[in-house]
$ cat run34.tsv   # TSV, C-alpha atoms and all ligand atoms
chain	number	residue	atom	x	y	z
T	1	MET	CA	126.18	98.03	82.43
T	2	THR	CA	126.13	101.51	83.82
T	3	ASP	CA	123.85	100.86	86.78
T	4	VAL	CA	126.11	98.39	88.55
T	5	ASP	CA	126.60	99.54	92.11
T	6	PRO	CA	130.15	98.40	92.87
T	7	VAL	CA	129.81	99.05	96.59
T	8	ARG	CA	126.67	96.97	96.91
T	9	LEU	CA	128.23	94.09	94.99
T	10	TYR	CA	131.38	94.28	97.10
T	11	ARG	CA	129.34	94.31	100.29
T	12	THR	CA	127.53	91.15	99.20
T	13	VAL	CA	130.65	89.16	98.29
T	14	ARG	CA	132.39	90.29	101.46
T	15	LEU	CA	129.35	89.42	103.58
T	16	ILE	CA	129.17	85.92	102.12
T	17	ARG	CA	132.93	85.41	102.53
T	18	ARG	CA	132.97	86.40	106.18
T	19	PHE	CA	129.69	84.60	106.89
T	20	GLU	CA	131.22	81.37	105.58
T	21	GLU	CA	134.38	81.86	107.61
T	22	ARG	CA	132.30	82.44	110.74
T	23	ALA	CA	130.21	79.37	109.92
T	24	ILE	CA	133.37	77.24	109.63
T	25	ASP	CA	134.42	78.50	113.07
T	26	LEU	CA	131.02	77.46	114.41
T	27	VAL	CA	131.39	74.00	112.85
T	28	ARG	CA	134.72	73.65	114.66
T	29	ALA	CA	133.11	74.84	117.89
T	30	GLY	CA	130.44	72.17	117.59
T	31	GLU	CA	127.63	74.72	117.24
T	32	ILE	CA	126.81	73.71	113.65
T	33	VAL	CA	126.24	69.99	113.71
T	34	GLY	CA	127.13	67.92	110.65
T	35	GLY	CA	129.27	70.50	108.88
T	36	ILE	CA	128.71	72.67	105.82
T	37	HIS	CA	129.67	72.93	102.15
T	38	PRO	CA	131.59	76.23	102.07
T	39	TYR	CA	130.83	78.65	99.23
T	40	LEU	CA	134.26	80.30	99.59
T	41	GLY	CA	135.57	81.42	96.21
T	42	GLN	CA	132.21	81.29	94.46
T	43	GLU	CA	130.67	84.40	96.07
T	44	GLY	CA	130.74	86.45	92.86
T	45	ILE	CA	128.12	84.24	91.24
T	46	ALA	CA	125.39	84.54	93.86
T	47	ALA	CA	126.13	88.23	94.33
T	48	GLY	CA	126.16	89.02	90.62
T	49	VAL	CA	123.04	87.04	89.76
T	50	CYS	CA	120.94	88.33	92.66
T	51	ALA	CA	122.01	91.92	91.98
T	52	ALA	CA	120.16	91.65	88.67
T	53	LEU	CA	116.95	90.30	90.21
T	54	ARG	CA	114.07	92.11	91.87
T	55	ASP	CA	112.97	91.45	95.43
T	56	GLU	CA	109.92	89.51	94.26
T	57	ASP	CA	111.90	87.27	91.89
T	58	LEU	CA	112.52	83.70	92.99
T	59	VAL	CA	115.68	81.64	93.49
T	60	THR	CA	116.57	78.10	94.47
T	61	GLY	CA	120.04	76.96	95.46
T	62	THR	CA	122.18	73.98	96.25
T	63	HIS	CA	123.85	72.10	99.08
T	64	ARG	CA	126.50	74.87	98.80
T	65	GLY	CA	123.70	77.36	99.22
T	66	HIS	CA	124.45	79.93	101.93
T	67	GLY	CA	125.62	82.50	99.38
T	68	HIS	CA	122.43	82.21	97.34
T	69	VAL	CA	120.24	82.76	100.40
T	70	LEU	CA	122.27	85.73	101.64
T	71	ALA	CA	122.66	87.39	98.25
T	72	LYS	CA	118.90	87.36	97.74
T	73	GLY	CA	118.49	89.28	100.96
T	74	ALA	CA	117.94	86.90	103.87
T	75	ASP	CA	118.95	88.17	107.30
T	76	PRO	CA	122.45	86.82	108.11
T	77	ALA	CA	121.62	86.56	111.81
T	78	ARG	CA	118.58	84.39	111.23
T	79	MET	CA	120.49	82.39	108.62
T	80	LEU	CA	123.30	81.73	111.08
T	81	ALA	CA	120.78	80.77	113.76
T	82	GLU	CA	119.30	78.35	111.23
T	83	LEU	CA	122.69	76.75	110.68
T	84	CYS	CA	123.07	76.44	114.45
T	85	GLY	CA	119.69	74.69	114.70
T	86	ARG	CA	118.04	77.38	116.82
T	87	VAL	CA	114.33	78.22	116.92
T	88	THR	CA	115.26	81.80	115.98
T	89	GLY	CA	116.56	80.56	112.63
T	90	LEU	CA	114.91	81.27	109.29
T	91	ASN	CA	113.14	77.93	109.47
T	92	ARG	CA	113.01	77.44	113.21
T	93	GLY	CA	116.27	75.51	113.03
T	94	ARG	CA	114.68	72.67	111.11
T	95	GLY	CA	116.14	73.32	107.67
T	96	GLY	CA	119.79	73.80	108.54
T	97	SER	CA	122.57	74.47	106.09
T	98	MET	CA	121.19	72.55	103.12
T	99	HIS	CA	117.50	73.40	103.44
T	100	ALA	CA	117.46	77.03	104.51
T	101	ALA	CA	114.65	79.01	102.90
T	102	ASP	CA	113.18	82.48	103.19
T	103	PHE	CA	110.05	82.85	101.10
T	104	GLY	CA	109.79	86.48	102.20
T	105	VAL	CA	112.78	87.38	100.01
T	106	GLY	CA	112.02	84.89	97.25
T	107	VAL	CA	114.36	82.12	98.41
T	108	LEU	CA	112.46	78.89	97.92
T	109	GLY	CA	115.33	76.99	99.45
T	110	ALA	CA	118.78	75.60	99.33
T	111	ASN	CA	118.54	71.95	98.34
T	112	ALA	CA	120.55	68.86	99.25
T	113	ILE	CA	119.40	66.86	96.24
T	114	VAL	CA	121.76	67.52	93.35
T	115	GLY	CA	119.71	68.67	90.34
T	116	ALA	CA	116.40	69.09	92.18
T	117	ALA	CA	116.36	72.85	92.65
T	118	GLY	CA	115.94	73.57	88.94
T	119	ALA	CA	112.74	71.55	88.79
T	120	ILE	CA	111.34	73.23	91.89
T	121	LEU	CA	112.08	76.69	90.54
T	122	THR	CA	110.66	75.94	87.10
T	123	GLY	CA	107.41	74.78	88.66
T	124	ALA	CA	107.26	77.72	91.05
T	125	VAL	CA	107.89	80.37	88.38
T	126	TRP	CA	105.42	78.69	86.02
T	127	ALA	CA	102.76	78.74	88.74
T	128	ARG	CA	103.40	82.38	89.66
T	129	ARG	CA	103.28	83.47	86.00
T	130	ARG	CA	99.99	81.64	85.51
T	131	ARG	CA	98.68	83.56	88.48
T	132	GLY	CA	99.66	86.74	86.66
T	133	ASP	CA	102.71	87.68	88.73
T	134	ASP	CA	105.52	89.39	86.81
T	135	VAL	CA	108.35	87.33	88.27
T	136	VAL	CA	111.40	85.58	86.86
T	137	GLY	CA	113.65	83.09	88.60
T	138	ALA	CA	117.25	81.98	88.86
T	139	THR	CA	118.36	78.55	89.97
T	140	PHE	CA	121.91	77.60	90.86
T	141	PHE	CA	123.48	74.19	90.33
T	142	GLY	CA	126.95	72.69	90.08
T	143	ASP	CA	128.62	70.97	87.16
T	144	GLY	CA	127.79	67.72	88.97
T	145	ALA	CA	124.09	68.33	88.29
T	146	VAL	CA	124.23	68.53	84.52
T	147	ASN	CA	123.67	64.81	84.00
T	148	GLU	CA	120.83	64.56	86.50
T	149	GLY	CA	117.56	63.64	84.82
T	150	MET	CA	115.58	66.01	87.00
T	151	LEU	CA	117.54	69.03	85.83
T	152	LEU	CA	117.33	68.00	82.18
T	153	GLU	CA	113.57	67.54	82.58
T	154	ALA	CA	113.40	71.06	84.02
T	155	PHE	CA	115.34	72.37	80.98
T	156	ASN	CA	112.82	70.68	78.75
T	157	LEU	CA	109.64	71.95	80.39
T	158	ALA	CA	111.02	75.43	80.97
T	159	ALA	CA	111.95	75.68	77.30
T	160	LEU	CA	108.71	74.10	76.07
T	161	TRP	CA	106.50	76.34	78.21
T	162	ARG	CA	108.82	79.36	77.94
T	163	VAL	CA	109.17	79.72	81.68
T	164	PRO	CA	111.50	82.65	82.48
T	165	VAL	CA	114.11	80.77	84.48
T	166	LEU	CA	117.82	81.48	84.40
T	167	PHE	CA	119.71	78.23	84.87
T	168	VAL	CA	123.02	79.18	86.49
T	169	CYS	CA	125.69	76.51	86.37
T	170	GLU	CA	128.44	77.10	88.92
T	171	ASN	CA	131.20	75.19	87.19
T	172	ASN	CA	133.92	74.84	89.81
T	173	GLY	CA	135.55	71.98	87.96
T	174	TYR	CA	134.63	69.22	90.40
T	175	ALA	CA	131.66	67.29	91.73
T	176	THR	CA	133.03	66.36	95.16
T	177	THR	CA	136.33	64.83	93.91
T	178	MET	CA	135.24	64.05	90.34
T	179	PRO	CA	136.67	66.39	87.69
T	180	VAL	CA	134.26	67.66	85.04
T	181	ALA	CA	136.25	66.04	82.26
T	182	GLY	CA	135.72	62.64	83.86
T	183	ALA	CA	131.97	63.02	84.15
T	184	VAL	CA	130.50	65.31	81.49
T	185	ALA	CA	130.21	64.19	77.87
T	186	GLY	CA	129.83	67.01	75.38
T	187	SER	CA	129.50	70.44	76.94
T	188	ILE	CA	127.28	72.18	79.44
T	189	ALA	CA	126.27	74.87	76.94
T	190	GLY	CA	125.52	72.06	74.49
T	191	ARG	CA	122.83	70.78	76.83
T	192	ALA	CA	121.11	74.16	76.64
T	193	ALA	CA	121.36	74.12	72.84
T	194	ALA	CA	119.65	70.73	72.77
T	195	PHE	CA	116.55	72.36	74.28
T	196	GLY	CA	116.76	75.51	72.18
T	197	MET	CA	117.93	77.62	75.11
T	198	PRO	CA	120.47	80.42	74.67
T	199	ALA	CA	123.63	79.87	76.72
T	200	ALA	CA	126.40	82.23	77.77
T	201	ALA	CA	129.69	81.67	79.57
T	202	VAL	CA	130.95	84.11	82.16
T	203	ASP	CA	133.89	84.59	84.51
T	204	GLY	CA	132.28	83.65	87.81
T	205	GLN	CA	135.07	85.33	89.75
T	206	ASP	CA	134.01	88.76	88.46
T	207	PRO	CA	130.79	89.84	90.22
T	208	GLU	CA	130.12	92.65	87.75
T	209	ALA	CA	130.51	90.36	84.75
T	210	VAL	CA	128.05	87.93	86.31
T	211	ARG	CA	125.68	90.75	87.08
T	212	ASP	CA	125.85	92.03	83.50
T	213	VAL	CA	125.26	88.68	81.82
T	214	THR	CA	122.36	88.03	84.20
T	215	ALA	CA	120.82	91.47	83.65
T	216	ALA	CA	120.85	90.93	79.89
T	217	ALA	CA	119.24	87.50	80.19
T	218	VAL	CA	116.65	88.74	82.69
T	219	ALA	CA	115.71	91.63	80.39
T	220	ARG	CA	115.09	89.17	77.55
T	221	MET	CA	113.10	86.89	79.85
T	222	ARG	CA	110.95	89.75	81.15
T	223	ALA	CA	110.25	90.74	77.57
T	224	GLY	CA	108.75	87.31	76.94
T	225	GLY	CA	111.82	85.27	76.14
T	226	GLY	CA	112.10	81.75	77.45
T	227	PRO	CA	114.68	80.29	79.81
T	228	GLU	CA	118.41	80.76	79.41
T	229	LEU	CA	121.54	79.14	80.78
T	230	VAL	CA	124.65	80.83	82.14
T	231	GLU	CA	127.78	78.80	82.77
T	232	ALA	CA	129.86	80.64	85.36
T	233	HIS	CA	133.44	79.42	85.60
T	234	THR	CA	134.62	79.48	89.16
T	235	TYR	CA	136.84	77.76	91.71
T	236	ARG	CA	136.02	76.37	95.12
T	237	PHE	CA	138.66	77.74	97.48
T	238	ASP	CA	138.01	75.35	100.34
T	239	ALA	CA	136.79	71.83	100.96
T	240	HIS	CA	133.86	70.17	99.24
T	241	HIS	CA	132.52	69.79	102.79
T	242	THR	CA	134.05	70.65	106.14
T	243	PHE	CA	134.67	66.94	106.76
T	244	GLU	CA	137.63	67.47	104.44
T	245	HIS	CA	139.24	69.61	107.13
T	246	GLN	CA	139.74	66.37	109.07
T	247	VAL	CA	140.35	64.01	106.16
T	248	ARG	CA	142.52	65.60	103.48
T	249	LEU	CA	141.61	64.28	100.07
T	250	ASP	CA	144.27	64.50	97.40
T	251	TYR	CA	142.31	65.32	94.26
T	252	ARG	CA	143.39	68.87	93.39
T	253	PRO	CA	147.04	69.64	92.61
T	254	PRO	CA	148.40	72.37	94.94
T	255	GLU	CA	149.40	74.53	91.92
T	256	GLU	CA	145.83	74.39	90.66
T	257	VAL	CA	144.44	75.40	94.05
T	258	ALA	CA	146.93	78.28	94.26
T	259	ALA	CA	146.02	79.47	90.76
T	260	GLY	CA	142.32	79.22	91.55
T	261	ARG	CA	142.68	81.13	94.79
T	262	SER	CA	144.64	83.88	93.06
T	263	ARG	CA	141.45	85.04	91.36
T	264	ASP	CA	139.45	86.04	94.39
T	265	PRO	CA	136.04	87.63	93.74
T	266	VAL	CA	136.28	89.64	96.95
T	267	ASP	CA	139.56	91.20	95.84
T	268	ILE	CA	138.45	91.62	92.23
T	269	GLN	CA	135.40	93.60	93.34
T	270	GLY	CA	137.22	95.27	96.23
T	271	ALA	CA	139.84	96.68	93.86
T	272	ARG	CA	137.06	98.70	92.19
T	273	LEU	CA	136.44	100.68	95.38
T	274	PRO	CA	138.49	103.46	96.92
T	275	ALA	CA	140.41	101.95	99.87
T	276	PRO	CA	138.54	103.92	102.57
T	277	VAL	CA	135.18	102.82	101.16
T	278	ARG	CA	136.31	99.20	101.14
T	279	ALA	CA	137.51	99.50	104.74
T	280	GLU	CA	134.19	101.03	105.75
T	281	VAL	CA	132.25	98.16	104.18
T	282	ASP	CA	134.55	95.60	105.80
T	283	ALA	CA	134.00	97.15	109.23
T	284	ALA	CA	130.22	97.24	108.75
T	285	VAL	CA	130.20	93.57	107.68
T	286	GLU	CA	132.29	92.59	110.72
T	287	ALA	CA	129.89	94.39	113.04
T	288	GLU	CA	126.87	92.81	111.40
T	289	LEU	CA	128.35	89.33	111.64
T	290	ALA	CA	129.51	89.75	115.23
T	291	ALA	CA	125.92	90.62	116.10
T	292	ALA	CA	124.72	87.69	113.96
T	293	VAL	CA	126.88	85.21	115.88
T	294	ASP	CA	125.61	86.58	119.20
T	295	PHE	CA	122.03	86.34	117.98
T	296	ALA	CA	122.52	82.79	116.67
T	297	LEU	CA	124.09	81.46	119.84
T	298	ALA	CA	121.56	83.17	122.10
T	299	GLY	CA	118.61	81.38	120.48
T	300	PRO	CA	117.20	78.25	122.12
T	301	HIS	CA	117.25	74.83	120.46
T	302	PRO	CA	113.81	73.50	119.52
T	303	ASP	CA	111.95	71.53	122.15
T	304	PRO	CA	112.32	67.82	121.23
T	305	ALA	CA	108.61	67.42	121.98
T	306	SER	CA	107.92	69.64	118.95
T	307	ALA	CA	109.88	67.40	116.55
T	308	LEU	CA	106.81	66.46	114.53
T	309	ASP	CA	105.47	70.02	114.20
T	310	HIS	CA	105.55	71.82	110.82
T	311	LEU	CA	105.87	68.66	108.75
T	312	TYR	CA	102.96	69.51	106.45
T	313	ALA	CA	102.30	72.58	104.33
T	314	SER	CA	99.86	74.86	106.07
T	315	GLY	CA	98.68	76.84	103.10
T	316	ARG	CA	99.49	78.15	99.68
T	317	THR	CA	100.32	81.76	100.51
T	318	ALA	CA	103.93	82.87	100.77
T	319	ARG	CA	105.30	83.18	104.27
T	320	THR	CA	108.43	84.87	105.54
T	321	GLY	CA	111.19	82.60	106.78
T	322	GLY	CA	110.23	81.22	110.16
T	323	GLY	CA	107.00	83.24	110.12
L	401	LIG	C1	120.86	63.23	93.56
L	401	LIG	C2	122.10	63.29	94.40
L	401	LIG	N1	123.15	62.50	94.11
L	401	LIG	C3	124.28	62.54	94.86
L	401	LIG	C4	124.36	63.39	95.93
L	401	LIG	C5	125.64	63.45	96.78
L	401	LIG	N2	126.36	64.69	96.49
L	401	LIG	C6	126.27	65.75	97.29
L	401	LIG	S1	127.14	67.05	96.72
L	401	LIG	C7	127.66	66.18	95.38
L	401	LIG	C8	128.57	66.80	94.36
L	401	LIG	C9	127.89	67.91	93.66
L	401	LIG	O1	128.80	68.50	92.77
L	401	LIG	P1	128.38	69.80	91.98
L	401	LIG	O2	126.97	69.68	91.53
L	401	LIG	O3	129.42	70.03	90.94
L	401	LIG	O4	128.40	70.95	93.06
L	401	LIG	P2	129.62	71.43	93.97
L	401	LIG	O5	129.63	70.51	95.17
L	401	LIG	O6	130.87	71.36	93.16
L	401	LIG	O7	129.25	72.82	94.36
L	401	LIG	C10	127.15	64.90	95.39
L	401	LIG	C11	127.41	63.88	94.37
L	401	LIG	C12	123.24	64.18	96.21
L	401	LIG	N3	123.24	65.04	97.24
L	401	LIG	N4	122.14	64.15	95.43
$ encode --input "run34.tsv" --output "structure tokens"
Amino acid sequence: MTDVDPVRLYRTVRLIRRFEERAIDLVRAGEIVGGIHPYLGQEGIAAGVCAALRDEDLVTGTHRGHGHVLAKGADPARMLAELCGRVTGLNRGRGGSMHAADFGVGVLGANAIVGAAGAILTGAVWARRRRGDDVVGATFFGDGAVNEGMLLEAFNLAALWRVPVLFVCENNGYATTMPVAGAVAGSIAGRAAAFGMPAAAVDGQDPEAVRDVTAAAVARMRAGGGPELVEAHTYRFDAHHTFEHQVRLDYRPPEEVAAGRSRDPVDIQGARLPAPVRAEVDAAVEAELAAAVDFALAGPHPDPASALDHLYASGRTARTGGG
């Protein structure tokens, strides 16, 4: 692709990386209750996919979803406030890490239920297309989701009704501690073939490669093609969940972790920039995140008396996060 903006892609992967590192600090400080699933190492996928989408396009994400929300354009300060459970958060502090959403930038939500986000996105894109809106969608899921009935049902309906959804599998080799080979019969691409969906594999550590494969799929989908699947091969650099920082689980050989970490999407994209440009972006990201942490910690916690507010949908029109 000739229209890849390497600086923009670098900024996004760097922002997600440093956001996650800040979030881990805030877990340790007790400001984020319950911990998080760090997206460290997988940043190139969210950045690359969202770089090929328009503002009005829709995404849904996973329990490891901060990168998806940020890459689509949510405000890092309000996202961090959300993680800290503050009323200034994207969802008034009620969604938290695994349910953050920002409808204003097309993020219909991270999702704690493995395999659910694909069904939600398929329904949402179908509804918007029926209304006449020229939108497409991308939904992220892990290799652990590919045997979930809900996701396979979404494949089926999306293919049957030709809903323009890009199913993005973030194959990091493990579902919690379970290796792919111990859980997945056949292949992930083979599941797409069963529903007549085109499938492509991509190096998830290379943001530009992800962006290119997504842009090609999105162009076909906008031209009337049906859904497609992309299997992005990646590696989770950190814990499945921050609880692992207390309880070390011995499921990944140290050599494998070292090899995985040696292909860092931040460095791969950073190497495409002149050093001074990279340093400038890094400094800007640090300043933005320092302000984001201050904003997050300055926000009040919700009043316990309001615990039952906002439980029911108030209307069908899109709203901005927290609006
Ligand atoms: C339907 C459902 N089953 C089980 C869980 C518990 N769970 C949370 S994360 C996870 C592993 C998911 O692995 P994968 O989809 O590969 O994503 P990754 O964590 O590797 O990003 C499981 C089993 C869940 N949240 N939802």
$ residues_near_ligand --input "run34.tsv" --ligand "ligand LIG 401 (chain L)" --cutoff "6 Å" --atoms "all atoms listed in the file" --output "ChimeraX atom specification"
/T:64,112-114,141-145,172,174-176,240
$ atom_distance --input "run34.tsv" --atom1 "CA of Val202 in chain T" --atom2 "CA of Val218 in chain T"
15.0 Å
$ residues_around --input "run34.tsv" --residues "Tyr251 in chain T" --least-positions-apart "3" --cutoff "9 Å" --atoms "all atoms listed in the file" --output "list of chain:residue names"
T:Thr177, T:Met178, T:Pro179
$ closest_residue --input "run34.tsv" --among "T:Ala259, T:Ala183, T:Val293, T:Met221" --to "Val136 in chain T" --atoms "all atoms listed in the file"
T:Met221
$ residues_near_point --input "run34.tsv" --point "(126.5, 87.9, 109.5)" --cutoff "6 Å" --atoms "only C-alpha atoms" --output "PyMOL selection string"
chain T and resi 19+76-77+288-289+292
$ write_last_selection --input "run34.tsv" --atoms "C-alpha atoms" --output "short mmCIF file (atom, residue, chain, number, x, y, z; two decimals), in the frame of the given file"
data_model
loop_
_atom_site.label_atom_id
_atom_site.label_comp_id
_atom_site.auth_asym_id
_atom_site.auth_seq_id
_atom_site.Cartn_x
_atom_site.Cartn_y
_atom_site.Cartn_z
CA PHE T 19 129.69 84.60 106.89
CA PRO T 76 122.45 86.82 108.11
CA ALA T 77 121.62 86.56 111.81
CA GLU T 288 126.87 92.81 111.40
CA LEU T 289 128.35 89.33 111.64
CA ALA T 292 124.72 87.69 113.96
#
$ residues_around --input "run34.tsv" --residues "Arg14 in chain T" --least-positions-apart "5" --cutoff "12 Å" --atoms "all atoms listed in the file" --output "PyMOL selection string"
chain T and resi 7-9+19-21+39-44+46-47+67+70-71+207+264-270+278-286+288-289
$ atom_distance --input "run34.tsv" --atom1 "CA of Met79 in chain T" --atom2 "CA of Ala101 in chain T"
8.8 Å
$ atom_distance --input "run34.tsv" --atom1 "CA of Val168 in chain T" --atom2 "CA of Leu229 in chain T"
5.9 Å
$ closest_residue --input "run34.tsv" --among "T:Leu15, T:Met197, T:Gly118, T:Val180" --to "Ala287 in chain T" --atoms "only C-alpha atoms"
T:Leu15
$ residues_near_point --input "run34.tsv" --point "(121.8, 78.3, 80.8)" --cutoff "6 Å" --atoms "all atoms listed in the file" --output "PyMOL selection string"
chain T and resi 167-168+192+199+228-230
$ axis_aligned_box --input "run34.tsv" --around "range 257-274 of chain T" --padding-each-side "8 Å" --output "AutoDock Vina command-line options"
--center_x 141.2 --center_y 89.4 --center_z 93.9 --size_x 27.5 --size_y 44.1 --size_z 22.2
$ residues_around --input "run34.tsv" --residues "Asp5 in chain T" --least-positions-apart "2" --cutoff "12 Å" --atoms "only C-alpha atoms" --output "PDB file with C-alpha atoms, keeping the file's coordinate frame"
ATOM      1  CA  MET T   1     126.180  98.030  82.430  1.00  0.00           C
ATOM      2  CA  THR T   2     126.130 101.510  83.820  1.00  0.00           C
ATOM      3  CA  ASP T   3     123.850 100.860  86.780  1.00  0.00           C
ATOM      4  CA  VAL T   7     129.810  99.050  96.590  1.00  0.00           C
ATOM      5  CA  ARG T   8     126.670  96.970  96.910  1.00  0.00           C
ATOM      6  CA  LEU T   9     128.230  94.090  94.990  1.00  0.00           C
ATOM      7  CA  TYR T  10     131.380  94.280  97.100  1.00  0.00           C
ATOM      8  CA  ARG T  11     129.340  94.310 100.290  1.00  0.00           C
ATOM      9  CA  THR T  12     127.530  91.150  99.200  1.00  0.00           C
ATOM     10  CA  ALA T  47     126.130  88.230  94.330  1.00  0.00           C
ATOM     11  CA  GLY T  48     126.160  89.020  90.620  1.00  0.00           C
ATOM     12  CA  ALA T  51     122.010  91.920  91.980  1.00  0.00           C
ATOM     13  CA  ALA T  52     120.160  91.650  88.670  1.00  0.00           C
ATOM     14  CA  PRO T 207     130.790  89.840  90.220  1.00  0.00           C
ATOM     15  CA  GLU T 208     130.120  92.650  87.750  1.00  0.00           C
ATOM     16  CA  ARG T 211     125.680  90.750  87.080  1.00  0.00           C
ATOM     17  CA  ASP T 212     125.850  92.030  83.500  1.00  0.00           C
ATOM     18  CA  GLN T 269     135.400  93.600  93.340  1.00  0.00           C
ATOM     19  CA  ARG T 272     137.060  98.700  92.190  1.00  0.00           C
ATOM     20  CA  LEU T 273     136.440 100.680  95.380  1.00  0.00           C
TER      21      LEU T 273
END
$ closest_residue --input "run34.tsv" --among "T:Ala116, T:Ala291, T:Ala100, T:Val13" --to "Gly149 in chain T" --atoms "all atoms listed in the file"
T:Ala116
$ residues_around --input "run34.tsv" --residues "Val165 in chain T" --least-positions-apart "6" --cutoff "10 Å" --atoms "all atoms listed in the file" --output "list in words"
Leu58, Val59, Gly118, Leu121, Thr122, Gly123, Ala124, Val125, Trp126, Val135, Val136, Gly137, Ala138, Thr139, Ala154, Phe155, Ala158, Ala159, Ala217, Val218, Met221, Gly225, Gly226, Pro227, Glu228 and Leu229 of chain T
$ write_last_selection --input "run34.tsv" --atoms "C-alpha atoms" --output "compact mmCIF listing (two decimals), keeping the file's coordinate frame"
# COMPACT_ATOMS: atom_id res chain seq x y z
CA LEU T 58 112.52 83.70 92.99
CA VAL T 59 115.68 81.64 93.49
CA GLY T 118 115.94 73.57 88.94
CA LEU T 121 112.08 76.69 90.54
CA THR T 122 110.66 75.94 87.10
CA GLY T 123 107.41 74.78 88.66
CA ALA T 124 107.26 77.72 91.05
CA VAL T 125 107.89 80.37 88.38
CA TRP T 126 105.42 78.69 86.02
CA VAL T 135 108.35 87.33 88.27
CA VAL T 136 111.40 85.58 86.86
CA GLY T 137 113.65 83.09 88.60
CA ALA T 138 117.25 81.98 88.86
CA THR T 139 118.36 78.55 89.97
CA ALA T 154 113.40 71.06 84.02
CA PHE T 155 115.34 72.37 80.98
CA ALA T 158 111.02 75.43 80.97
CA ALA T 159 111.95 75.68 77.30
CA ALA T 217 119.24 87.50 80.19
CA VAL T 218 116.65 88.74 82.69
CA MET T 221 113.10 86.89 79.85
CA GLY T 225 111.82 85.27 76.14
CA GLY T 226 112.10 81.75 77.45
CA PRO T 227 114.68 80.29 79.81
CA GLU T 228 118.41 80.76 79.41
CA LEU T 229 121.54 79.14 80.78
$ closest_residue --input "run34.tsv" --among "T:Arg22, T:His99, T:Arg162, T:Arg17" --to "Ala290 in chain T" --atoms "all atoms listed in the file"
T:Arg22
$ closest_residue --input "run34.tsv" --among "T:His37, T:Arg128, T:Arg54, T:Arg78" --to "Phe295 in chain T" --atoms "only C-alpha atoms"
T:Arg78
$ closest_residue --input "run34.tsv" --among "T:Gln246, T:Thr234, T:Asn147, T:Thr88" --to "Asp294 in chain T" --atoms "all atoms listed in the file"
T:Thr88
$ residues_around --input "run34.tsv" --residues "Gly89 in chain T" --least-positions-apart "4" --cutoff "12 Å" --atoms "only C-alpha atoms" --output "ChimeraX atom specification"
/T:74-85,93-97,99-102,292-293,295-302,320-323
$ decode --input "run34.tsv" --residues "range 268-281 of chain T" --atoms "N, CA and C atoms" --output "PDB file, in the first residue's frame"
ATOM      1  N   ILE T 268       9.399  -2.838  15.304  1.00  0.00           N
ATOM      2  CA  ILE T 268       9.287  -3.084  13.855  1.00  0.00           C
ATOM      3  C   ILE T 268       8.771  -1.829  13.155  1.00  0.00           C
ATOM      4  N   GLN T 269       7.752  -1.203  13.716  1.00  0.00           N
ATOM      5  CA  GLN T 269       7.224   0.016  13.093  1.00  0.00           C
ATOM      6  C   GLN T 269       8.149   1.199  13.358  1.00  0.00           C
ATOM      7  N   GLY T 270       8.737   1.243  14.549  1.00  0.00           N
ATOM      8  CA  GLY T 270       9.628   2.355  14.892  1.00  0.00           C
ATOM      9  C   GLY T 270      10.839   2.421  13.984  1.00  0.00           C
ATOM     10  N   ALA T 271      11.315   1.245  13.551  1.00  0.00           N
ATOM     11  CA  ALA T 271      12.505   1.206  12.688  1.00  0.00           C
ATOM     12  C   ALA T 271      12.241   1.829  11.321  1.00  0.00           C
ATOM     13  N   ARG T 272      10.980   2.050  10.994  1.00  0.00           N
ATOM     14  CA  ARG T 272      10.630   2.648   9.688  1.00  0.00           C
ATOM     15  C   ARG T 272      10.653   4.182   9.738  1.00  0.00           C
ATOM     16  N   LEU T 273      10.902   4.705  10.924  1.00  0.00           N
ATOM     17  CA  LEU T 273      10.897   6.173  11.094  1.00  0.00           C
ATOM     18  C   LEU T 273      12.322   6.677  11.307  1.00  0.00           C
ATOM     19  N   PRO T 274      12.616   7.881  10.844  1.00  0.00           N
ATOM     20  CA  PRO T 274      13.886   8.497  11.227  1.00  0.00           C
ATOM     21  C   PRO T 274      13.919   8.650  12.758  1.00  0.00           C
ATOM     22  N   ALA T 275      15.093   8.440  13.364  1.00  0.00           N
ATOM     23  CA  ALA T 275      15.194   8.449  14.832  1.00  0.00           C
ATOM     24  C   ALA T 275      14.600   9.703  15.483  1.00  0.00           C
ATOM     25  N   PRO T 276      14.843  10.896  14.934  1.00  0.00           N
ATOM     26  CA  PRO T 276      14.277  12.083  15.596  1.00  0.00           C
ATOM     27  C   PRO T 276      12.747  12.103  15.567  1.00  0.00           C
ATOM     28  N   VAL T 277      12.174  11.566  14.487  1.00  0.00           N
ATOM     29  CA  VAL T 277      10.701  11.530  14.403  1.00  0.00           C
ATOM     30  C   VAL T 277      10.165  10.568  15.457  1.00  0.00           C
ATOM     31  N   ARG T 278      10.841   9.415  15.571  1.00  0.00           N
ATOM     32  CA  ARG T 278      10.406   8.435  16.573  1.00  0.00           C
ATOM     33  C   ARG T 278      10.484   9.052  17.977  1.00  0.00           C
ATOM     34  N   ALA T 279      11.568   9.746  18.257  1.00  0.00           N
ATOM     35  CA  ALA T 279      11.737  10.359  19.581  1.00  0.00           C
ATOM     36  C   ALA T 279      10.652  11.406  19.838  1.00  0.00           C
ATOM     37  N   GLU T 280      10.305  12.126  18.789  1.00  0.00           N
ATOM     38  CA  GLU T 280       9.263  13.153  18.932  1.00  0.00           C
ATOM     39  C   GLU T 280       7.907  12.511  19.268  1.00  0.00           C
ATOM     40  N   VAL T 281       7.601  11.424  18.565  1.00  0.00           N
ATOM     41  CA  VAL T 281       6.341  10.721  18.839  1.00  0.00           C
ATOM     42  C   VAL T 281       6.354  10.175  20.264  1.00  0.00           C
TER      43      VAL T 281
END
